[in-house]
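Raw start26.cif, mmCIF, C-alpha atoms (C1' of nucleotides):
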```cif
data_entry
#
loop_
_atom_site.label_atom_id
_atom_site.label_comp_id
_atom_site.auth_asym_id
_atom_site.auth_seq_id
_atom_site.Cartn_x
_atom_site.Cartn_y
_atom_site.Cartn_z
CA MET Q 1 8.34 13.78 -10.10
CA PRO Q 2 6.41 12.34 -12.80
CA GLU Q 3 5.48 8.98 -14.13
CA GLY Q 4 2.00 7.57 -13.92
CA PRO Q 5 2.11 6.85 -10.18
CA GLU Q 6 3.30 10.34 -9.31
CA LEU Q 7 0.63 11.91 -11.48
CA HIS Q 8 -2.01 9.79 -9.85
CA MET Q 9 -0.75 10.60 -6.38
CA ALA Q 10 -0.77 14.26 -7.35
CA SER Q 11 -4.44 14.00 -8.23
CA ARG Q 12 -5.19 12.33 -4.91
CA PHE Q 13 -3.19 14.99 -3.14
CA VAL Q 14 -5.27 17.71 -4.73
CA ASN Q 15 -8.52 16.00 -3.82
CA ARG Q 16 -7.37 15.51 -0.26
CA VAL Q 17 -6.06 18.98 0.50
CA CYS Q 18 -8.71 20.84 -1.47
CA CYS Q 19 -11.55 19.01 0.20
CA GLY Q 20 -13.44 21.71 2.05
CA LEU Q 21 -11.44 24.55 0.54
CA VAL Q 22 -13.21 27.23 -1.42
CA PHE Q 23 -11.18 29.16 -3.94
CA SER Q 24 -11.86 32.57 -5.30
CA GLY Q 25 -10.78 35.15 -7.81
CA SER Q 26 -8.73 34.54 -10.90
CA VAL Q 27 -6.00 32.03 -11.61
CA GLU Q 28 -2.51 33.50 -11.52
CA LYS Q 29 0.17 32.50 -13.95
CA SER Q 30 3.85 33.28 -13.46
CA ALA Q 31 5.37 35.66 -15.96
CA VAL Q 32 8.07 33.23 -17.01
CA SER Q 33 5.77 30.43 -17.93
CA LYS Q 34 5.08 30.22 -21.64
CA ASN Q 35 1.90 28.31 -21.03
CA THR Q 36 -1.45 29.88 -21.66
CA GLU Q 37 -3.25 32.10 -19.19
CA VAL Q 38 -6.20 30.46 -17.52
CA PRO Q 39 -9.19 32.68 -18.16
CA PHE Q 40 -11.20 31.66 -15.16
CA GLN Q 41 -12.61 33.96 -12.56
CA CYS Q 42 -15.14 33.21 -9.89
CA GLU Q 43 -16.32 34.40 -6.50
CA ALA Q 44 -16.27 30.91 -5.13
CA TYR Q 45 -15.23 27.64 -6.65
CA ILE Q 46 -13.89 24.29 -5.69
CA ILE Q 47 -11.16 22.19 -7.21
CA SER Q 48 -11.09 18.48 -7.86
CA ALA Q 49 -8.67 16.30 -9.76
CA GLN Q 50 -8.47 13.16 -11.81
CA SER Q 51 -5.56 11.40 -13.45
CA ARG Q 52 -5.06 9.35 -16.57
CA GLY Q 53 -1.63 7.99 -17.40
CA LYS Q 54 0.76 10.89 -17.34
CA GLU Q 55 -1.87 13.60 -17.25
CA VAL Q 56 -3.86 15.23 -14.47
CA LYS Q 57 -7.11 17.06 -14.97
CA LEU Q 58 -8.16 19.77 -12.56
CA THR Q 59 -11.82 20.68 -12.56
CA LEU Q 60 -12.83 24.10 -11.29
CA THR Q 61 -16.47 24.17 -10.28
CA PRO Q 62 -18.26 27.35 -9.25
CA VAL Q 63 -20.33 27.08 -6.09
CA LYS Q 64 -22.88 29.33 -4.48
CA VAL Q 65 -21.20 31.54 -1.97
CA GLU Q 66 -23.52 30.60 0.86
CA ASP Q 67 -23.61 26.91 0.10
CA VAL Q 68 -20.38 25.01 0.43
CA SER Q 69 -21.90 21.74 1.46
CA PRO Q 70 -20.63 18.60 -0.22
CA SER Q 71 -23.84 18.21 -2.12
CA ALA Q 72 -23.19 21.52 -3.77
CA THR Q 73 -19.69 20.48 -4.56
CA ASP Q 74 -20.54 17.23 -6.22
CA GLY Q 75 -20.25 19.11 -9.45
CA LYS Q 76 -21.33 17.02 -12.34
CA ALA Q 77 -19.56 17.64 -15.55
CA GLY Q 78 -21.22 20.46 -17.30
CA SER Q 79 -22.00 22.58 -14.33
CA PRO Q 80 -22.31 26.10 -15.59
CA GLY Q 81 -19.02 27.90 -15.57
CA GLN Q 82 -17.01 24.80 -14.92
CA MET Q 83 -13.53 24.56 -16.34
CA ASP Q 84 -11.17 21.65 -16.92
CA ILE Q 85 -7.43 22.11 -17.09
CA ILE Q 86 -5.23 19.27 -18.31
CA PHE Q 87 -1.71 19.15 -16.93
CA ARG Q 88 1.39 17.34 -18.04
CA PHE Q 89 4.23 17.43 -15.57
CA GLY Q 90 7.28 17.34 -17.77
CA MET Q 91 10.30 16.31 -15.73
CA SER Q 92 9.60 18.25 -12.58
CA GLY Q 93 5.96 19.19 -12.19
CA SER Q 94 3.96 18.79 -8.99
CA PHE Q 95 1.15 20.31 -6.99
CA GLU Q 96 1.69 21.96 -3.63
CA LEU Q 97 -0.54 23.70 -1.18
CA ALA Q 98 1.06 26.64 0.59
CA ALA Q 99 0.25 29.69 2.62
CA VAL Q 100 0.06 32.84 0.51
CA GLU Q 101 3.09 34.23 2.26
CA GLU Q 102 5.08 31.16 1.37
CA ILE Q 103 4.47 30.52 -2.26
CA PRO Q 104 7.18 28.15 -3.43
CA LYS Q 105 9.66 29.00 -6.09
CA HIS Q 106 8.63 28.00 -9.60
CA ALA Q 107 4.92 28.05 -8.82
CA HIS Q 108 3.69 28.75 -12.33
CA LEU Q 109 -0.01 28.47 -11.79
CA ARG Q 110 -1.75 29.51 -8.58
CA PHE Q 111 -5.26 29.08 -7.23
CA LEU Q 112 -6.11 31.22 -4.19
CA THR Q 113 -8.51 30.32 -1.44
CA ARG Q 114 -11.30 32.66 -0.54
CA ARG Q 115 -11.06 32.73 3.22
CA CYS Q 116 -8.31 33.16 5.72
CA PRO Q 117 -5.94 31.69 6.24
CA ARG Q 118 -5.35 32.38 2.57
CA GLN Q 119 -3.77 29.41 0.91
CA VAL Q 120 -2.61 28.70 -2.60
CA LEU Q 121 -2.73 25.55 -4.64
CA CYS Q 122 0.35 25.77 -6.84
CA PHE Q 123 1.50 23.99 -9.93
CA VAL Q 124 5.24 23.92 -9.26
CA ASP Q 125 7.60 23.10 -12.08
CA PRO Q 126 11.26 24.15 -11.83
CA ARG Q 127 12.25 23.03 -15.29
CA ARG Q 128 9.10 24.26 -16.97
CA PHE Q 129 8.79 21.27 -19.25
CA GLY Q 130 5.32 20.81 -17.90
CA SER Q 131 2.30 22.26 -19.59
CA TRP Q 132 -1.40 22.77 -19.21
CA ALA Q 133 -4.29 23.21 -21.58
CA VAL Q 134 -7.55 24.89 -20.79
CA ASN Q 135 -10.83 23.22 -21.55
CA GLY Q 136 -9.07 20.51 -23.34
CA SER Q 137 -9.54 16.89 -22.65
CA TRP Q 138 -7.07 14.06 -22.34
CA GLN Q 139 -4.57 14.20 -25.13
CA PRO Q 140 -6.16 12.16 -27.88
CA ALA Q 141 -2.92 10.51 -28.95
CA ARG Q 142 -2.37 9.00 -25.53
CA GLY Q 143 -3.66 5.54 -24.82
CA PRO Q 144 -5.68 4.29 -21.86
CA CYS Q 145 -4.16 4.64 -18.40
CA VAL Q 146 -2.07 1.64 -17.40
CA MET Q 147 -3.28 2.06 -13.81
CA LEU Q 148 -6.94 3.03 -14.05
CA GLU Q 149 -7.99 1.63 -17.41
CA TYR Q 150 -6.12 -1.62 -17.38
CA GLU Q 151 -8.39 -3.73 -19.58
CA MET Q 152 -8.64 -1.05 -22.23
CA PHE Q 153 -4.92 -0.55 -22.05
CA ARG Q 154 -4.32 -4.23 -22.58
CA GLN Q 155 -6.71 -4.50 -25.49
CA ASN Q 156 -5.26 -1.39 -27.08
CA VAL Q 157 -1.86 -3.03 -27.16
CA LEU Q 158 -2.98 -6.48 -28.21
CA THR Q 159 -5.18 -5.28 -31.04
CA HIS Q 160 -2.44 -3.10 -32.49
CA LEU Q 161 0.47 -5.47 -32.38
CA SER Q 162 0.90 -5.16 -36.13
CA ASP Q 163 1.58 -1.45 -35.73
CA ASN Q 164 5.09 -0.55 -36.86
CA ALA Q 165 5.60 0.98 -33.46
CA PHE Q 166 6.13 -2.55 -32.13
CA ASN Q 167 9.07 -3.15 -34.43
CA LYS Q 168 11.21 -1.24 -32.00
CA PRO Q 169 12.98 -2.58 -28.92
CA ILE Q 170 10.62 -3.25 -26.05
CA CYS Q 171 12.34 -0.72 -23.82
CA GLU Q 172 11.62 2.05 -26.29
CA VAL Q 173 8.06 0.99 -26.96
CA LEU Q 174 7.29 1.03 -23.25
CA LEU Q 175 7.78 4.79 -23.37
CA ASN Q 176 5.33 5.19 -26.24
CA GLN Q 177 2.41 6.92 -24.57
CA LYS Q 178 0.06 5.96 -27.35
CA TYR Q 179 0.18 2.45 -25.90
CA PHE Q 180 1.73 2.79 -22.46
CA ASN Q 181 0.25 5.94 -21.00
CA GLY Q 182 1.83 6.28 -17.59
CA ILE Q 183 5.01 4.28 -18.07
CA GLY Q 184 8.23 6.25 -17.77
CA ASN Q 185 11.91 5.62 -17.46
CA TYR Q 186 12.06 4.02 -14.05
CA LEU Q 187 8.96 1.89 -14.63
CA ARG Q 188 10.18 0.46 -17.91
CA ALA Q 189 13.39 -0.64 -16.23
CA GLU Q 190 11.55 -2.24 -13.33
CA ILE Q 191 9.03 -3.99 -15.57
CA LEU Q 192 11.65 -5.53 -17.83
CA HIS Q 193 13.85 -6.42 -14.92
CA ARG Q 194 11.14 -8.39 -13.14
CA LEU Q 195 10.62 -10.50 -16.23
CA LYS Q 196 14.29 -10.68 -17.14
CA VAL Q 197 13.37 -9.47 -20.59
CA PRO Q 198 16.34 -8.08 -22.49
CA PRO Q 199 15.50 -4.42 -23.05
CA PHE Q 200 16.49 -4.47 -26.70
CA GLU Q 201 14.45 -7.49 -27.67
CA ARG Q 202 11.91 -6.61 -30.34
CA ALA Q 203 8.70 -5.46 -28.71
CA ARG Q 204 6.39 -7.54 -30.83
CA THR Q 205 8.33 -10.66 -29.98
CA VAL Q 206 8.02 -9.98 -26.29
CA LEU Q 207 4.37 -9.06 -26.49
CA GLU Q 208 3.37 -12.03 -28.59
CA ALA Q 209 4.74 -14.23 -25.89
CA SER Q 210 2.42 -12.34 -23.59
CA LEU Q 211 -0.50 -12.91 -25.93
CA HIS Q 212 0.04 -16.63 -25.79
CA LYS Q 213 -0.59 -16.52 -22.13
CA GLU Q 214 -4.17 -15.42 -22.59
CA PRO Q 215 -6.41 -17.82 -20.66
CA THR Q 216 -6.82 -21.19 -22.22
CA ASP Q 217 -9.83 -23.32 -21.62
CA GLU Q 218 -8.06 -26.30 -20.22
CA LEU Q 219 -7.37 -24.57 -16.99
CA THR Q 220 -9.85 -24.11 -14.24
CA LEU Q 221 -10.67 -20.59 -13.33
CA SER Q 222 -8.88 -20.78 -10.03
CA LYS Q 223 -5.79 -22.08 -11.69
CA LYS Q 224 -5.87 -19.28 -14.17
CA VAL Q 225 -6.15 -16.78 -11.37
CA LYS Q 226 -3.34 -18.41 -9.50
CA MET Q 227 -1.13 -18.37 -12.55
CA LYS Q 228 -1.82 -14.74 -13.16
CA LEU Q 229 -0.99 -13.82 -9.64
CA GLU Q 230 2.22 -15.77 -9.64
CA ASN Q 231 3.35 -15.05 -13.16
CA PRO Q 232 2.11 -11.70 -14.27
CA ASP Q 233 2.90 -11.07 -17.90
CA ILE Q 234 4.43 -7.86 -19.12
CA LEU Q 235 1.15 -6.05 -19.63
CA GLU Q 236 -0.04 -7.00 -16.19
CA LEU Q 237 3.20 -5.69 -14.76
CA CYS Q 238 2.60 -2.42 -16.58
CA HIS Q 239 -0.39 -2.13 -14.26
CA LEU Q 240 0.85 -3.84 -11.12
CA LEU Q 241 4.15 -2.05 -10.72
CA PRO Q 242 2.71 1.45 -10.90
CA MET Q 243 0.09 0.30 -8.41
CA GLU Q 244 2.82 -0.90 -6.10
CA VAL Q 245 4.42 2.51 -6.21
CA ILE Q 246 1.12 4.16 -5.42
CA ASN Q 247 0.63 1.84 -2.49
CA LEU Q 248 4.00 2.70 -1.03
CA GLY Q 249 2.22 5.75 0.20
CA GLY Q 250 5.10 8.10 -0.35
CA LYS Q 251 5.41 10.49 -3.19
CA GLY Q 252 7.20 8.09 -5.48
CA TYR Q 253 10.14 9.42 -7.34
CA ILE Q 254 9.89 12.76 -5.65
CA SER Q 255 10.84 11.55 -2.23
CA ASP Q 256 14.53 11.73 -1.81
CA ARG Q 257 15.60 8.62 -3.64
CA THR Q 258 19.25 9.29 -3.24
CA ASP Q 259 19.33 8.86 0.50
CA GLY Q 260 18.36 5.26 0.02
CA SER Q 261 16.07 5.35 3.00
CA SER Q 262 12.80 6.09 1.31
CA ALA Q 263 10.35 3.34 0.60
CA PHE Q 264 10.57 4.22 -3.03
CA ALA Q 265 14.33 3.88 -3.20
CA ALA Q 266 14.01 0.52 -1.52
CA TRP Q 267 11.32 -0.51 -3.98
CA LEU Q 268 13.54 0.01 -6.99
CA ARG Q 269 15.29 -3.19 -7.98
CA CYS Q 270 16.98 -2.03 -11.15
CA TYR Q 271 16.65 1.65 -11.94
CA ASP Q 272 19.49 3.60 -10.36
CA VAL Q 273 20.55 0.49 -8.52
CA SER Q 274 24.20 -0.20 -8.01
CA GLY Q 275 25.41 -3.13 -10.03
CA MET Q 276 22.96 -2.73 -12.87
CA GLN Q 277 24.03 -1.89 -16.37
CA THR Q 278 22.99 1.06 -18.44
CA LEU Q 279 22.76 1.93 -22.09
CA ARG Q 280 21.33 4.78 -24.07
CA ASP Q 281 18.35 3.86 -26.16
CA ALA Q 282 17.76 5.30 -29.61
CA ASN Q 283 16.23 8.40 -28.09
CA GLY Q 284 19.15 9.07 -25.83
CA ARG Q 285 17.40 7.90 -22.69
CA THR Q 286 19.18 5.76 -20.17
CA ILE Q 287 17.84 2.23 -19.86
CA TRP Q 288 18.78 0.32 -16.73
CA PHE Q 289 18.92 -3.45 -16.95
CA GLN Q 290 20.67 -6.59 -15.89
CA GLY Q 291 22.01 -9.32 -18.12
CA ILE Q 292 22.15 -9.26 -21.86
CA PRO Q 293 20.90 -6.14 -23.63
CA GLY Q 294 19.22 -8.02 -26.45
CA PRO Q 295 19.53 -8.19 -30.23
CA MET Q 296 18.52 -4.62 -31.08
CA ALA Q 297 20.92 -2.95 -28.70
CA PRO Q 298 22.58 0.13 -30.12
CA LYS Q 299 26.23 -0.40 -30.78
CA GLY Q 300 28.84 1.50 -28.90
CA SER Q 301 26.50 3.33 -26.63
CA ARG Q 302 27.08 3.64 -22.95
CA THR Q 303 25.85 5.77 -20.15
CA PRO Q 304 27.92 7.68 -17.73
CA LYS Q 305 27.41 7.07 -14.10
CA SER Q 306 24.42 8.18 -12.19
CA LYS Q 307 24.72 10.01 -8.93
CA SER Q 308 24.42 6.89 -6.86
CA GLN Q 309 26.94 5.14 -9.04
CA LYS Q 310 29.39 7.91 -8.64
CA LYS Q 311 28.85 7.88 -4.94
CA THR Q 312 29.44 4.17 -4.74
CA LYS Q 313 32.50 4.41 -6.87
CA LEU Q 314 33.89 7.12 -4.70
CA GLU Q 315 33.46 5.04 -1.59
CA GLU Q 316 35.16 2.14 -3.25
CA ASP Q 317 38.02 4.18 -4.46
CA GLU Q 318 38.64 5.21 -0.91
CA LYS Q 319 38.55 1.66 0.30
CA HIS Q 320 40.82 0.45 -2.41
CA SER Q 321 43.32 3.19 -2.19
CA VAL Q 322 46.00 0.54 -1.81
CA ALA Q 323 45.15 -0.65 -5.25
CA ASN Q 324 44.41 -4.24 -4.58
CA GLU Q 325 41.46 -6.41 -5.35
CA GLY Q 326 39.71 -6.11 -2.05
CA HIS Q 327 36.56 -8.13 -1.76
CA THR Q 328 34.97 -6.05 0.91
CA ALA Q 329 32.63 -4.09 -1.25
CA LYS Q 330 29.32 -5.86 -1.40
CA LYS Q 331 27.94 -3.56 -3.97
CA ARG Q 332 30.69 -3.95 -6.43
CA LYS Q 333 30.02 -2.01 -9.52
CA ARG Q 334 30.26 -3.83 -12.69
CA LYS Q 335 33.07 -2.09 -14.30
CA VAL Q 336 32.47 -3.30 -17.74
CA GLU Q 337 34.63 -1.30 -19.95
CA GLN Q 338 32.41 -2.06 -22.78
CA GLN Q 339 34.89 -1.90 -25.56
CA ARG Q 340 33.49 0.82 -27.63
CA SER Q 341 34.13 1.13 -31.25
CA PRO Q 342 36.72 3.86 -31.47
CA ALA Q 343 35.40 7.27 -32.15
CA VAL Q 344 35.62 7.82 -35.84
CA PRO Q 345 35.92 11.53 -35.91
CA GLU Q 346 36.44 13.49 -39.00
CA ASP Q 347 38.32 16.20 -37.31
CA GLY Q 348 36.10 18.97 -38.34
CA PRO Q 349 36.23 22.61 -37.45
CA GLN Q 350 36.98 23.12 -33.82
CA ARG Q 351 33.89 24.79 -32.71
CA ASN Q 352 34.19 25.12 -29.06
CA GLY Q 353 34.32 28.74 -27.97
CA GLN Q 354 30.73 29.71 -28.00
CA ASN Q 355 30.62 31.25 -24.59
CA THR Q 356 27.92 33.71 -24.92
CA LYS Q 357 27.89 35.90 -21.93
CA ALA Q 358 25.35 34.27 -19.77
CA ALA Q 359 23.20 37.20 -19.04
CA ALA Q 360 23.90 38.74 -15.72
CA GLY Q 361 20.37 39.66 -14.84
CA GLU Q 362 19.06 36.27 -14.02
CA GLN Q 363 17.20 36.83 -10.85
CA GLU Q 364 13.99 37.89 -12.45
CA ALA Q 365 12.92 34.30 -12.33
CA GLU Q 366 9.41 34.16 -10.98
CA LYS Q 367 8.78 37.84 -10.47
CA PRO Q 368 5.72 39.05 -12.30
CA GLU Q 369 7.86 41.17 -14.50
CA GLU Q 370 8.00 40.87 -18.20
CA ALA Q 371 10.70 38.30 -17.73
CA GLN Q 372 10.80 37.21 -21.30
CA GLY Q 373 13.94 37.48 -23.31
CA THR Q 374 16.39 35.61 -21.16
CA ARG Q 375 16.87 32.75 -23.46
CA ARG Q 376 20.53 33.37 -23.86
CA ARG Q 377 21.10 31.47 -20.68
CA SER Q 378 20.12 28.14 -22.07
CA GLU Q 379 22.88 28.24 -24.59
CA ARG Q 380 25.36 27.51 -21.91
CA ASN Q 381 23.89 24.09 -21.39
CA ARG Q 382 23.34 23.22 -24.93
CA ARG Q 383 24.71 19.87 -25.87
CA LYS Q 384 27.39 20.08 -28.47
CA PRO Q 385 27.20 17.88 -31.49
CA ALA Q 386 30.47 16.81 -30.01
CA ALA Q 387 31.34 14.06 -32.43
CA GLU Q 388 33.88 16.22 -34.10
CA LEU Q 389 35.33 17.25 -30.81
CA LEU Q 390 36.72 13.85 -30.04
CA PRO Q 391 40.44 13.78 -30.54
CA MET Q 392 41.23 10.77 -32.60
CA SER Q 393 44.23 9.85 -30.56
CA GLU Q 394 42.23 9.33 -27.43
CA THR Q 395 42.55 6.02 -25.71
CA PRO Q 396 39.51 3.80 -25.99
CA ALA Q 397 39.02 3.95 -22.29
CA GLU Q 398 38.90 7.66 -22.27
CA SER Q 399 36.67 8.05 -25.21
CA GLY Q 400 34.45 5.49 -23.62
CA ARG Q 401 33.73 7.82 -20.82
CA ARG Q 402 32.71 10.60 -23.07
CA LYS Q 403 29.23 11.86 -23.34
CA THR Q 404 27.50 9.58 -25.67
CA ARG Q 405 24.39 11.56 -26.14
CA ALA Q 406 25.87 12.95 -29.27
CA MET Q 407 27.06 9.59 -30.29
CA LYS Q 408 23.76 8.58 -31.58
CA SER Q 409 24.25 11.21 -34.19
CA ARG Q 410 27.29 9.38 -35.39
CA LYS Q 411 26.10 7.18 -38.14
CA LYS Q 412 27.19 4.14 -36.21
"C1'" DC W 1 34.42 27.34 -11.87
"C1'" DG W 2 32.60 23.78 -15.64
"C1'" DT W 3 30.42 19.28 -17.02
"C1'" DC W 4 27.04 15.84 -16.73
"C1'" DC W 5 22.77 14.21 -15.41
"C1'" DA W 6 17.68 13.99 -14.33
"C1'" DC W 7 10.91 11.22 -13.52
"C1'" DG W 8 9.27 14.01 -20.83
"C1'" DT W 9 7.59 15.55 -24.45
"C1'" DC W 10 7.65 18.54 -28.88
"C1'" DT W 11 8.82 20.19 -33.60
"C1'" DA W 12 11.84 21.16 -37.16
"C1'" DC W 13 14.97 19.31 -40.58
"C1'" DT P 1 15.98 11.29 -35.35
"C1'" DA P 2 18.53 15.44 -33.54
"C1'" DG P 3 18.04 19.13 -30.86
"C1'" DA P 4 15.16 22.39 -27.91
"C1'" DC P 5 13.17 23.38 -23.90
"C1'" DC P 6 14.80 24.44 -18.53
"C1'" DT P 7 16.68 24.38 -13.47
"C1'" DG P 8 19.50 22.53 -10.04
"C1'" DG P 9 22.23 18.97 -7.73
"C1'" DA P 10 26.43 16.17 -7.72
"C1'" DC P 11 31.02 15.95 -9.07
"C1'" DG P 12 35.58 17.11 -10.96
"C1'" DG P 13 39.46 20.34 -11.47
#
```
Output the structure of this file as structure tokens.
Amino acid sequence: MPEGPELHMASRFVNRVCCGLVFSGSVEKSAVSKNTEVPFQCEAYIISAQSRGKEVKLTLTPVKVEDVSPSATDGKAGSPGQMDIIFRFGMSGSFELAAVEEIPKHAHLRFLTRRCPRQVLCFVDPRRFGSWAVNGSWQPARGPCVMLEYEMFRQNVLTHLSDNAFNKPICEVLLNQKYFNGIGNYLRAEILHRLKVPPFERARTVLEASLHKEPTDELTLSKKVKMKLENPDILELCHLLPMEVINLGGKGYISDRTDGSSAFAAWLRCYDVSGMQTLRDANGRTIWFQGIPGPMAPKGSRTPKSKSQKKTKLEEDEKHSVANEGHTAKKRKRKVEQQRSPAVPEDGPQRNGQNTKAAAGEQEAEKPEEAQGTRRRSERNRRKPAAELLPMSETPAESGRRKTRAMKSRKK
DNA sequence: CGTCCACGTCTAC
DNA sequence: TAGACCTGGACGG
């Protein structure tokens, strides 16, 4: 679910559904979660939320049992017994409100209401990359929120342009949360696409162009405003695009993007859009773009197809079963067979094997059992270093379709 | 069945 | 700068 917009919408969701709810008791953590217990216990408390970039803060505020009026729930910071919990969502975190009888799978932290019908606010996170910290504050290494602290965000970038961080390609820097707190993989693609900025152009180069657009005195105020509205620079887009997603009113990425009918899917112009190109950046993340990749593009890196791409390709294959160059398909995929440099494998030891018995007992999942000690399972999915697994005799086309995640490990 | 892919950090060489 | 950390959906054989 989670880039800045989804985190922000999650905080609004919590404030909306918890308005008027009184919670009680202790906070339950699933047995499987490796995150810390939340040592909070209270007869009656309320929950409110705030977001900043890719974090959400829940505030638990004790209230008098007999007084649940809004005035009592206005909880200033520092109310006695108050607790803040900072959440990061990883790849799959979200908040849900459910009836106690219907607690969703993967609900790793649970807040129970005091009165019937008993309900539960759940932090749900299937992949468990998410985390929370008790009585912490916003992660200090993260910069200002691109959505809610725009001016600070902008200044933070512009005053640190000499930082070595900006030597990297712009598409990678946009994921640096020290400067772009809230931007994630789909937002970086959309931002760069709107400006037609090559993703692997050096970040400082791109941003200095932005700096030059700072208001100049020759223009009247209204003209400056007009220009800004019509030609937002990259830092403005880092604010405006997340705001657009928020204003779609859906749940952002979470809503079923693949069915193409959601407002969010329609909003995307580049990310996961048929016809766009993809590459892996230096961190192995897929960057979606159109046009030239830019001077700092990694050599010989390519991404396999996304779900939607595969789907499209399948449809086309059916249409073109006669093997001609039909022109019916509107959404023709670019079938760049980006000539890759041939895999240069030292044929090392064949280490494939490696099938550890994936433990049978797997069901334990979210039961409050001990549940630890099932880490054997993950070995099945582990990415192989793979470079040495490439047969040298492979055709370029075939090797081109191979997983390239490991390729970055190949010293070019 | 197996492989690949996904909205993100983290930390260990 | 590689993995590690996870589950689950879509595909391919």
- [ ] Give me the result of the PyMOL selection byres ((chain Q and resi 58) around 7) on this file, residue by residue, as an NGL selection string.
- [x] :Q and (47-50 or 56-57 or 59-60 or 84-86)
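What separates atom CA of Q:Lys299 from atom CA of Q:Asn167 is a distance of 17.8 Å.
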Selected by the PyMOL selection byres ((chain P and resi 6) around 8) in the shown coordinates: which residues, as a tab-separated table (two decimals) with C-alpha atoms (C1' of nucleotides), in the frame of the given file?
```tsv
chain	number	residue	atom	x	y	z
Q	126	PRO	CA	11.26	24.15	-11.83
Q	127	ARG	CA	12.25	23.03	-15.29
Q	128	ARG	CA	9.10	24.26	-16.97
Q	129	PHE	CA	8.79	21.27	-19.25
Q	378	SER	CA	20.12	28.14	-22.07
P	5	DC	C1'	13.17	23.38	-23.90
P	7	DT	C1'	16.68	24.38	-13.47
```
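Taking atom CA of Q:Gln139 and atom CA of Q:Ile183 as the two end points, the separation is 15.5 Å.
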Task: 9 Å contacts from chain W to chain Q using only C-alpha atoms (C1' of nucleotides), as a ChimeraX atom specification - done: /W:4-9
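When atom CA of Q:Ala165 is paired with atom CA of Q:Met9, their separation reads 29.4 Å.
Nearest residue to Q:His193 among Q:Arg269, Q:Lys223, Q:Lys105, Q:Arg52 is Q:Arg269, counting all atoms listed in the file.
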Task: Picked residues, the PyMOL selection byres ((chain W and resi 12) around 12), expected as a ChimeraX atom specification - done: /W:10-11,13 /P:1-4
Box for stretch 3-12 of chain P - axis-aligned, 8 Å on each of the six sides, all listed atoms - centre and size in Å to one decimal, as JSON.
```
{"center_x": 24.4, "center_y": 20.2, "center_z": -19.3, "size_x": 38.4, "size_y": 24.5, "size_z": 39.1}
```
